[in-house]
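> coords_24.txt is reproduced below (compact mmCIF, C-alpha atoms and all ligand atoms).
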```txt
# COMPACT_ATOMS: atom_id res chain seq x y z
CA MET A 1 117.53 94.41 83.35
CA SER A 2 114.02 94.86 81.96
CA LEU A 3 111.37 97.08 83.50
CA GLU A 4 107.79 97.21 82.26
CA LEU A 5 105.08 99.39 83.73
CA TYR A 6 101.38 98.62 83.50
CA SER A 7 99.81 102.01 83.86
CA TYR A 8 96.83 104.17 82.98
CA TRP A 9 97.59 107.72 81.89
CA ARG A 10 95.25 109.39 84.41
CA SER A 11 95.87 106.99 87.29
CA SER A 12 97.50 108.87 90.15
CA ALA A 13 99.04 105.69 91.59
CA SER A 14 100.67 104.96 88.21
CA TYR A 15 101.79 108.58 87.93
CA ARG A 16 103.68 108.19 91.25
CA VAL A 17 105.67 105.26 89.93
CA ARG A 18 106.36 106.95 86.59
CA ILE A 19 107.88 109.88 88.49
CA ALA A 20 110.04 107.57 90.63
CA LEU A 21 111.28 105.62 87.60
CA ASN A 22 112.15 108.88 85.83
CA LEU A 23 113.88 110.37 88.87
CA LYS A 24 116.06 107.28 89.04
CA ALA A 25 116.60 107.49 85.26
CA LEU A 26 115.36 103.92 84.77
CA PRO A 27 114.07 103.24 81.25
CA TYR A 28 110.92 101.14 81.04
CA THR A 29 108.40 99.79 78.58
CA TYR A 30 104.91 101.27 78.99
CA HIS A 31 101.79 99.11 78.79
CA GLY A 32 98.54 101.05 78.89
CA VAL A 33 95.66 99.42 80.80
CA ASP A 34 92.40 101.20 79.99
CA LEU A 35 90.49 101.44 83.28
CA VAL A 36 87.35 102.81 81.64
CA LYS A 37 86.71 101.30 78.20
CA ASP A 38 84.24 98.38 78.13
CA GLY A 39 84.01 98.27 81.91
CA GLY A 40 87.78 98.29 82.37
CA GLU A 41 90.64 96.22 80.99
CA GLN A 42 91.86 95.66 84.57
CA TRP A 43 89.04 93.15 85.08
CA LYS A 44 89.86 91.05 82.01
CA ALA A 45 91.73 87.77 82.34
CA PRO A 46 95.02 88.82 80.69
CA TYR A 47 95.57 91.70 83.14
CA LYS A 48 94.28 89.73 86.13
CA LYS A 49 97.14 87.33 85.50
CA VAL A 50 99.54 90.26 85.87
CA ASN A 51 97.75 91.79 88.87
CA PRO A 52 95.05 89.72 90.62
CA GLN A 53 93.85 92.86 92.44
CA SER A 54 92.88 94.42 89.08
CA ARG A 55 94.63 97.67 89.88
CA VAL A 56 97.37 99.70 88.26
CA PRO A 57 100.25 100.19 88.52
CA THR A 58 102.11 96.92 88.21
CA LEU A 59 105.85 96.99 87.69
CA MET A 60 107.35 93.99 85.97
CA HIS A 61 111.03 93.60 86.77
CA ASP A 62 112.75 90.84 84.82
CA GLY A 63 109.39 89.09 84.53
CA GLN A 64 108.46 89.39 88.20
CA PRO A 65 105.34 91.51 88.91
CA TYR A 66 105.13 94.01 91.76
CA GLY A 67 101.92 95.79 92.74
CA GLN A 68 101.07 98.75 95.01
CA SER A 69 102.75 102.03 94.12
CA LEU A 70 104.46 102.67 97.46
CA ALA A 71 105.79 99.11 97.62
CA ILE A 72 107.07 99.55 94.07
CA ILE A 73 108.78 102.85 94.87
CA GLU A 74 110.41 101.35 97.98
CA TYR A 75 111.51 98.34 95.91
CA LEU A 76 113.10 100.66 93.35
CA GLU A 77 114.76 102.54 96.19
CA GLU A 78 116.29 99.32 97.53
CA MET A 79 117.42 98.13 94.10
CA TYR A 80 118.61 101.45 92.70
CA HIS A 81 119.85 103.67 95.50
CA GLN A 82 120.49 106.92 93.65
CA PRO A 83 119.06 109.46 93.69
CA ALA A 84 117.53 108.56 97.06
CA LEU A 85 113.78 109.06 97.36
CA LEU A 86 113.80 108.35 101.08
CA PRO A 87 116.06 110.21 103.51
CA LYS A 88 118.69 108.27 105.47
CA ASP A 89 117.69 108.79 109.08
CA PRO A 90 114.71 106.85 110.47
CA GLU A 91 112.80 109.91 111.74
CA ALA A 92 112.95 111.60 108.36
CA ARG A 93 112.07 108.34 106.55
CA ALA A 94 109.03 107.95 108.79
CA ARG A 95 107.95 111.50 107.96
CA VAL A 96 108.25 110.94 104.20
CA ARG A 97 106.31 107.68 104.50
CA MET A 98 103.67 109.37 106.63
CA LEU A 99 103.15 112.15 104.07
CA SER A 100 103.06 109.60 101.25
CA GLN A 101 100.46 107.49 103.04
CA ILE A 102 98.14 110.42 103.74
CA ILE A 103 97.73 110.53 99.98
CA ALA A 104 98.12 106.92 98.91
CA CYS A 105 96.18 105.30 101.78
CA ASP A 106 93.70 107.94 102.87
CA ILE A 107 92.84 110.11 99.86
CA GLN A 108 93.28 108.09 96.69
CA PRO A 109 91.06 105.12 97.65
CA MET A 110 88.15 107.57 98.04
CA GLN A 111 88.54 108.87 94.48
CA ASN A 112 89.34 105.52 92.90
CA THR A 113 87.44 104.40 89.80
CA SER A 114 85.80 101.36 91.43
CA THR A 115 84.85 103.36 94.55
CA LEU A 116 83.12 105.98 92.40
CA ARG A 117 81.45 103.31 90.31
CA TYR A 118 80.02 101.74 93.49
CA LEU A 119 78.70 105.08 94.70
CA LYS A 120 76.97 105.65 91.37
CA GLU A 121 75.81 102.17 90.38
CA VAL A 122 75.02 100.55 93.73
CA LEU A 123 74.28 103.46 96.06
CA LYS A 124 72.67 105.42 93.21
CA LEU A 125 74.33 108.72 94.08
CA ASP A 126 74.08 111.38 91.40
CA ASP A 127 77.06 113.20 89.88
CA ALA A 128 76.70 116.14 92.29
CA ALA A 129 76.82 113.87 95.33
CA VAL A 130 79.81 111.91 93.99
CA GLY A 131 81.63 115.18 93.26
CA ALA A 132 80.97 116.39 96.80
CA TRP A 133 82.24 113.06 98.18
CA MET A 134 85.52 113.35 96.28
CA ARG A 135 86.11 116.97 97.18
CA GLU A 136 85.44 116.19 100.85
CA TRP A 137 88.06 113.44 101.11
CA ILE A 138 90.62 115.19 98.93
CA THR A 139 90.28 118.35 101.01
CA ARG A 140 90.53 116.52 104.32
CA GLY A 141 93.69 114.75 103.18
CA LEU A 142 95.38 117.78 101.65
CA ASP A 143 94.47 119.84 104.73
CA ALA A 144 96.35 117.27 106.81
CA TYR A 145 99.34 117.15 104.45
CA ASN A 146 99.49 120.94 104.42
CA ALA A 147 99.17 121.14 108.22
CA HIS A 148 102.14 118.81 108.58
CA LEU A 149 104.30 121.00 106.36
CA GLU A 150 103.26 124.11 108.31
CA HIS A 151 103.76 122.45 111.66
CA ASP A 152 106.94 120.43 111.08
CA LYS A 153 108.88 123.35 109.59
CA VAL A 154 111.31 121.10 107.74
CA PRO A 155 113.12 123.54 105.43
CA GLY A 156 113.40 122.98 101.69
CA ARG A 157 111.75 123.47 98.33
CA PHE A 158 110.10 120.04 98.35
CA SER A 159 107.87 118.24 100.86
CA HIS A 160 110.94 117.11 102.77
CA GLY A 161 114.13 119.04 102.11
CA ASP A 162 115.75 120.23 98.93
CA THR A 163 115.44 117.11 96.78
CA PRO A 164 112.31 115.26 95.68
CA THR A 165 111.23 112.31 97.81
CA MET A 166 108.55 109.65 97.66
CA ALA A 167 106.20 112.20 99.25
CA ASP A 168 106.53 114.45 96.20
CA CYS A 169 105.93 111.43 93.93
CA CYS A 170 102.55 111.22 95.72
CA LEU A 171 101.80 114.92 96.09
CA VAL A 172 102.13 115.92 92.44
CA PRO A 173 99.61 113.35 91.10
CA GLN A 174 97.25 114.21 93.95
CA MET A 175 97.38 117.94 93.14
CA PHE A 176 96.63 117.06 89.51
CA ALA A 177 93.65 114.95 90.64
CA ALA A 178 92.47 117.62 93.08
CA GLU A 179 92.29 120.18 90.30
CA ARG A 180 90.60 117.69 87.99
CA PHE A 181 87.92 116.91 90.58
CA GLY A 182 87.19 120.54 91.41
CA VAL A 183 89.26 121.27 94.53
CA ASP A 184 90.81 124.71 94.21
CA PRO A 185 94.60 124.17 94.60
CA THR A 186 95.14 127.80 95.63
CA ARG A 187 93.76 126.84 99.05
CA TYR A 188 97.23 125.39 99.56
CA PRO A 189 99.87 127.96 98.50
CA ARG A 190 102.75 125.92 99.94
CA LEU A 191 101.63 122.77 98.13
CA VAL A 192 101.18 124.69 94.89
CA LEU A 193 104.74 125.99 95.20
CA ILE A 194 106.11 122.46 95.65
CA TRP A 195 103.92 121.24 92.76
CA GLU A 196 105.33 123.98 90.51
CA THR A 197 108.90 123.29 91.60
CA CYS A 198 108.44 119.60 90.75
CA ASN A 199 106.82 120.39 87.43
CA HIS A 200 109.98 122.18 86.34
CA LEU A 201 111.93 118.92 86.58
CA PRO A 202 111.99 116.71 83.46
CA ALA A 203 111.33 113.58 85.55
CA PHE A 204 108.00 115.03 86.62
CA THR A 205 107.02 116.56 83.27
CA ALA A 206 107.66 113.31 81.40
CA ALA A 207 105.45 111.45 83.91
CA HIS A 208 102.49 113.83 83.44
CA PRO A 209 99.29 112.09 82.28
CA SER A 210 99.12 114.16 79.08
CA LYS A 211 102.54 112.83 78.01
CA GLN A 212 101.62 109.13 78.15
CA ILE A 213 101.12 107.09 75.00
CA ASP A 214 97.61 106.05 76.11
CA ALA A 215 96.48 109.63 76.88
CA HIS A 216 93.30 110.69 75.14
N1 LIG B 301 97.04 101.41 96.76
C1 LIG B 301 97.20 101.15 95.36
C2 LIG B 301 96.06 101.78 94.61
C3 LIG B 301 96.01 101.36 93.16
C4 LIG B 301 94.75 101.86 92.53
O1 LIG B 301 93.71 101.99 93.18
N2 LIG B 301 94.85 102.18 91.26
C5 LIG B 301 93.68 102.67 90.56
C6 LIG B 301 94.09 103.75 89.57
S1 LIG B 301 94.80 105.14 90.40
C7 LIG B 301 93.04 101.53 89.83
O2 LIG B 301 93.71 100.67 89.30
N3 LIG B 301 91.71 101.52 89.78
C8 LIG B 301 90.99 100.53 89.04
C9 LIG B 301 89.64 100.30 89.61
O3 LIG B 301 89.28 100.90 90.62
O4 LIG B 301 88.90 99.52 89.00
C10 LIG B 301 98.55 101.72 94.88
O5 LIG B 301 99.04 102.64 95.53
O6 LIG B 301 99.08 101.22 93.89
```
What would you get if you wrote out this structure as structure tokens?

Amino acid sequence: MSLELYSYWRSSASYRVRIALNLKALPYTYHGVDLVKDGGEQWKAPYKKVNPQSRVPTLMHDGQPYGQSLAIIEYLEEMYHQPALLPKDPEARARVRMLSQIIACDIQPMQNTSTLRYLKEVLKLDDAAVGAWMREWITRGLDAYNAHLEHDKVPGRFSHGDTPTMADCCLVPQMFAAERFGVDPTRYPRLVLIWETCNHLPAFTAAHPSKQIDAH
């Protein structure tokens, strides 16, 4: 069994998959794809062959490429059942997927490298306007995530129960990005607590951007 991950150290979508791979104790080979240098390695022919969408992450499993972080995590879940990152019952699974998608579908695309580049280069927004854009969408999404946790009252130290799930694989990178882009995490005490709890686990610490071989 060979697993290879095409990743960028600061990419939150890649960070999600790194956490999932580590939680499942699956060793993998890391390939850094520099999203910034010279306009971005993701647009160059060699990487486009791996991922025609020019996005990271891509997981290569025995030579077969898989894109989209949530699809990759669900694939890993189906191939390697333990520890489970999705609960067993359908209602709980739907809740974990819903939380995950608030981040992966509704927040992250708004802070993505090519989105920001378009705002700057085509729409000619200045840095202040782009910063305000990011903080707006991050805050709206985290407000919703937080409201769900307050409202649903599912007990546990993580987003859903007492073990990490796919939702936590999404939340931790998003909290990292929120802080990086100037959203004060202390607005969300419950989310900060979950973030800290996760960051005490080796699977999460090893996946942190600063620990990746392409970090700079
Ligand atoms: N929905 C995709 C998003 C992937 C994505 O947007 N990745 C970003 C890094 S976090 C990327 O590759 N950006 C490159 C670009 O925008 O040019 C997923 O969850 O994998």
> At a cut-off of 7 Å around the point (118.7, 111.3, 93.2) (file coordinates), what residues fall inside when counting all atoms listed in the file? I'd like the answer as a count of residues only.
6
> Please report as a Markdown table every residue of chain A lying within 8 Å of ligand LIG 301 (chain B), along with the nearest atom pair and their distance in Å (one decimal), using only C-alpha atoms and all ligand atoms.

```
| residue | atom | partner | partner_atom | distance |
| --- | --- | --- | --- | --- |
| A:Tyr8 | CA | B:LIG301 | C6 | 7.1 |
| A:Arg10 | CA | B:LIG301 | S1 | 7.4 |
| A:Ser11 | CA | B:LIG301 | S1 | 3.8 |
| A:Ser12 | CA | B:LIG301 | S1 | 4.6 |
| A:Ala13 | CA | B:LIG301 | S1 | 4.4 |
| A:Ser14 | CA | B:LIG301 | S1 | 6.3 |
| A:Leu35 | CA | B:LIG301 | C8 | 5.9 |
| A:Gly40 | CA | B:LIG301 | O4 | 6.8 |
| A:Gln42 | CA | B:LIG301 | O4 | 6.6 |
| A:Trp43 | CA | B:LIG301 | O4 | 7.5 |
| A:Ser54 | CA | B:LIG301 | O2 | 6.3 |
| A:Arg55 | CA | B:LIG301 | O2 | 3.2 |
| A:Val56 | CA | B:LIG301 | O2 | 3.9 |
| A:Pro57 | CA | B:LIG301 | O6 | 5.6 |
| A:Thr58 | CA | B:LIG301 | O6 | 7.7 |
| A:Gly67 | CA | B:LIG301 | O6 | 6.2 |
| A:Gln68 | CA | B:LIG301 | O6 | 3.4 |
| A:Ser69 | CA | B:LIG301 | O6 | 3.8 |
| A:Leu70 | CA | B:LIG301 | O5 | 5.8 |
| A:Ala71 | CA | B:LIG301 | O5 | 7.9 |
| A:Ala104 | CA | B:LIG301 | O5 | 5.5 |
| A:Cys105 | CA | B:LIG301 | N1 | 6.4 |
| A:Gln108 | CA | B:LIG301 | O1 | 7.1 |
| A:Pro109 | CA | B:LIG301 | O1 | 6.1 |
| A:Asn112 | CA | B:LIG301 | O3 | 5.2 |
| A:Thr113 | CA | B:LIG301 | O3 | 4.0 |
| A:Ser114 | CA | B:LIG301 | O3 | 3.6 |
| A:Thr115 | CA | B:LIG301 | O3 | 6.4 |
```
> Draw an axis-aligned box over all listed atoms of region 170-186 of chain A, pad each side with 5 Å, and write its centre and edge lengths in Å, one decimal, as AutoDock Vina command-line options.

```
--center_x 94.9 --center_y 119.5 --center_z 92.0 --size_x 25.4 --size_y 26.6 --size_z 18.1
```
> Which of these residues is nearest to Tyr75 (chain A), using all atoms listed in the file: A:Leu123, A:Met60, A:Ile102, A:Val154?
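Closest residue, counting all atoms listed in the file: A:Met60.
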> Using all atoms listed in the file for the distances, tell me which of A:Met134, A:Ala92, A:Met79, A:Val183 is nearest to Leu26 (chain A).
A:Met79
> Let me make sure I understand: among A:Leu142, A:Ala132, A:Ile73, A:Leu201, which one has the smallest atom-to-atom distance to Leu119 (chain A) if we use all atoms listed in the file?
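Counting all atoms listed in the file, the residue closest to Leu119 (chain A) is A:Ala132.
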> Could you tell me how far CA of Asn199 (chain A) lies from CA of Leu149 (chain A), in Å and to one decimal?
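We find that CA of Asn199 (chain A) and CA of Leu149 (chain A) lie 19.1 Å from each other.
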> Between A:Asp152, A:Asp127, A:Glu77, A:Glu196, which residue has the minimum interatomic distance to Met175 (chain A), considering all atoms listed in the file?
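Going through A:Asp152, A:Asp127, A:Glu77, A:Glu196 one by one, the smallest distance to Met175 (chain A) is for A:Glu196.
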> Can you tell me, as JSON, numbers by chain, what residues are no more than 9 Å from Ile138 (chain A) when counting all atoms listed in the file, ignoring any on the same chain fewer than 6 positions away?
{"A": [103, 106, 107, 108, 110, 111, 174, 177, 178, 181, 183]}
> Taking into account all atoms listed in the file, which residue in the set A:Val96, A:Ala129, A:Ala147, A:Ile194 is nearest to His160 (chain A)?
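Of the candidates, the smallest distance to His160 (chain A) is held by A:Val96.
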> Would you work out the distance separating CA of Thr29 (chain A) from CA of Leu5 (chain A), expressed in Å to one decimal?
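Result for CA of Thr29 (chain A) versus CA of Leu5 (chain A): 6.1 Å, one decimal.
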> Using all atoms listed in the file - which residues lie no farther than 8 Å from the point (102.5, 122.3, 100.3) in the file's frame? Write them as a count of residues only.
12
> Given only C-alpha atoms as the basis, pick out the residue of A:Thr139, A:Asp214, A:Arg187, A:Arg93 nearest to Glu74 (chain A).
A:Arg93
> Would you compute the distance between CA of Gln53 (chain A) and CA of Tyr66 (chain A)? Give it in Å to one decimal.
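It comes out at 11.4 Å.
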